[in-house]
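Accompanying notes for the structure given below.
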Amino acid sequence: MKTTEAGQPEDAFREAFRGTFYGVLQWAQLDQLWQRMKDDAGGDWYVYAVGEPPPAATVAAADLIRFIDELDELLHRDHDEDYCGIVYADDVNSPGFVKIFDPHNLGVSCGYSDNPPLPGWILSRLPPVDLQAPVPLPGNRRRWWQRLFSS
């Protein structure tokens with residue numbers, strides 16, 4: 001059985017990734033989700049930009065909060081709609097896995113598909129595994145990501 005660098009079975013992440021998720025439809029609901037995550041920021045969160053190498057370690061609470069704030073700004077700016085609809089959580093009241101779709105690469109993020117598009121970012125309590133993005137991150141997203149998490 002393959003394991004992640006954190007010693008967790010790779011299957012655990014993939015199973016959670018394919019599990020049941022609930023859409024965050026309204027911006028106010030997203031605000032509530034973000035606040036729950038910020039309130040529990042010290043809870044060992046991995047921040048994964050799909051298309052980049054998966055992180056081997058969790059982020060510090062301050063880095064998670066900064067990521068959430070920056071991502072929220074990006075989503076509001078680039079998804080200029082009256083509704084959210086591009087964030088999905090395994091449990092909106094006590095999240096452990098959150099998928100965030102890039103507003104510029106939505107494809108068919110809702111509905112059913114044998115090959116659904118990958119999210120742009122994942123926040124997870126499980127160590128991520130490489131989801132093999134079919135294309136690399138676009139340059140603007142890669143620069144945004146590197147600005148947040150440059151070593």
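Going by the structure tokens order, chains are called A, B, ..., each with residues numbered from 1, while ligands are numbered from 1 in the order shown.
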Report the closest atom pair, with its distance in Å rounded to one decimal, for each residue of region 35-90 of chain A that has an atom no farther than 8 Å from region 10-26 of chain A; count only C-alpha atoms, sort by chain and then rising residue number, and write it as CSV.
residue,atom,partner,partner_atom,distance
A:Asp82,CA,A:Gln26,CA,7.8
A:Tyr83,CA,A:Gln26,CA,4.9
A:Cys84,CA,A:Leu25,CA,5.0
A:Gly85,CA,A:Leu25,CA,4.3
A:Ile86,CA,A:Val24,CA,7.1
A:Val87,CA,A:Val24,CA,5.5
A:Tyr88,CA,A:Gly23,CA,4.4
A:Ala89,CA,A:Phe21,CA,5.2
A:Asp90,CA,A:Phe21,CA,4.4
- Message: Residues near Glu70 (chain A), anyone? I mean within 12 Å using only C-alpha atoms, not counting same-chain ones fewer than 4 positions away, as a list in words.
- Response: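 Those residues are Trp34, Asp63, Leu64, Ile65, Arg66, Leu74, Leu75, His76, Arg77, Trp144, Trp145, Arg147, Leu148 and Phe149 of chain A.
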- Would you mind listing what lies within 8 Å of Leu118 (chain A) as an MDAnalysis selection string, with only C-alpha atoms counted and same-chain residues fewer than 6 positions away left out? chainID A and resid 50 101 133
For the residues in that selection, give me C-alpha atoms as a compact mmCIF listing (two decimals), in the first residue's frame.
# COMPACT_ATOMS: atom_id res chain seq x y z
CA VAL A 50 -3.59 21.24 -7.84
CA PHE A 101 -12.62 25.59 -8.17
CA ALA A 133 -3.53 17.77 -13.27
- Message: Please determine, counting only C-alpha atoms, which residue among A:Gly120, A:Pro134, A:Gly139, A:Pro128 has the shortest atom-to-atom distance to Pro54 (chain A).
- Response: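 Smallest separation from Pro54 (chain A) among the options: A:Pro128.
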- Which distance in Å separates CA of Val98 (chain A) and CA of Trp121 (chain A), to one decimal? 8.3 Å
- Item | Point-to-point distance in Å for CA of Pro117 (chain A) and CA of Asp130 (chain A) |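 A separation of 14.5 Å between them.
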- Report the distance between CA of Tyr46 (chain A) and CA of Ala28 (chain A) in Å, rounded to one decimal place. 24.0 Å
- Task: Could you tell me which of A:Leu126, A:Leu71, A:Val92, A:Leu30 comes closest to Asp44 (chain A) if we count only C-alpha atoms?
- Result: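 The answer is A:Leu126, which sits nearest to Asp44 (chain A).
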- Message: as a VMD selection string, please: the residues near Gly42 (chain A) (cut-off 12 Å, only C-alpha atoms, same-chain neighbours under 6 positions excluded).
- Response: chain A and resid 36 58 to 65 125
Keeping N, CA and C atoms for every residue in the selection just given, could you write it to a file as a short mmCIF file (atom, residue, chain, number, x, y, z; two decimals), in the first residue's frame?
data_model
loop_
_atom_site.label_atom_id
_atom_site.label_comp_id
_atom_site.auth_asym_id
_atom_site.auth_seq_id
_atom_site.Cartn_x
_atom_site.Cartn_y
_atom_site.Cartn_z
N ARG A 36 -15.24 29.41 10.23
CA ARG A 36 -15.08 28.15 10.97
C ARG A 36 -13.66 27.62 10.82
N THR A 58 1.70 20.35 6.94
CA THR A 58 0.59 21.28 7.16
C THR A 58 1.15 22.70 7.23
N VAL A 59 0.24 23.67 7.12
CA VAL A 59 0.65 25.07 7.19
C VAL A 59 0.40 25.60 8.60
N ALA A 60 1.15 26.62 8.94
CA ALA A 60 0.93 27.30 10.22
C ALA A 60 -0.42 28.01 10.18
N ALA A 61 -1.00 28.24 11.34
CA ALA A 61 -2.31 28.89 11.42
C ALA A 61 -2.31 30.23 10.68
N ALA A 62 -1.28 31.03 10.85
CA ALA A 62 -1.23 32.34 10.19
C ALA A 62 -1.20 32.19 8.67
N ASP A 63 -0.53 31.15 8.17
CA ASP A 63 -0.49 30.93 6.72
C ASP A 63 -1.84 30.47 6.19
N LEU A 64 -2.54 29.64 6.95
CA LEU A 64 -3.88 29.23 6.53
C LEU A 64 -4.81 30.43 6.47
N ILE A 65 -4.78 31.25 7.48
CA ILE A 65 -5.64 32.44 7.52
C ILE A 65 -5.30 33.38 6.37
N ARG A 125 -7.36 18.03 5.80
CA ARG A 125 -6.68 17.55 7.00
C ARG A 125 -5.88 16.29 6.68
#
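Every residue of region 18-150 of chain A found in strand (DSSP E or B) when DSSP is run on the backbone appears here: Tyr22, Gly23, Val24, Tyr46, Val47, Tyr48, Ala49, Val50, Glu52, Val87, Tyr88, Ala89, Phe97, Val98, Lys99, Ile100, Trp121, Ile122, Leu123 and Ser124 of chain A.
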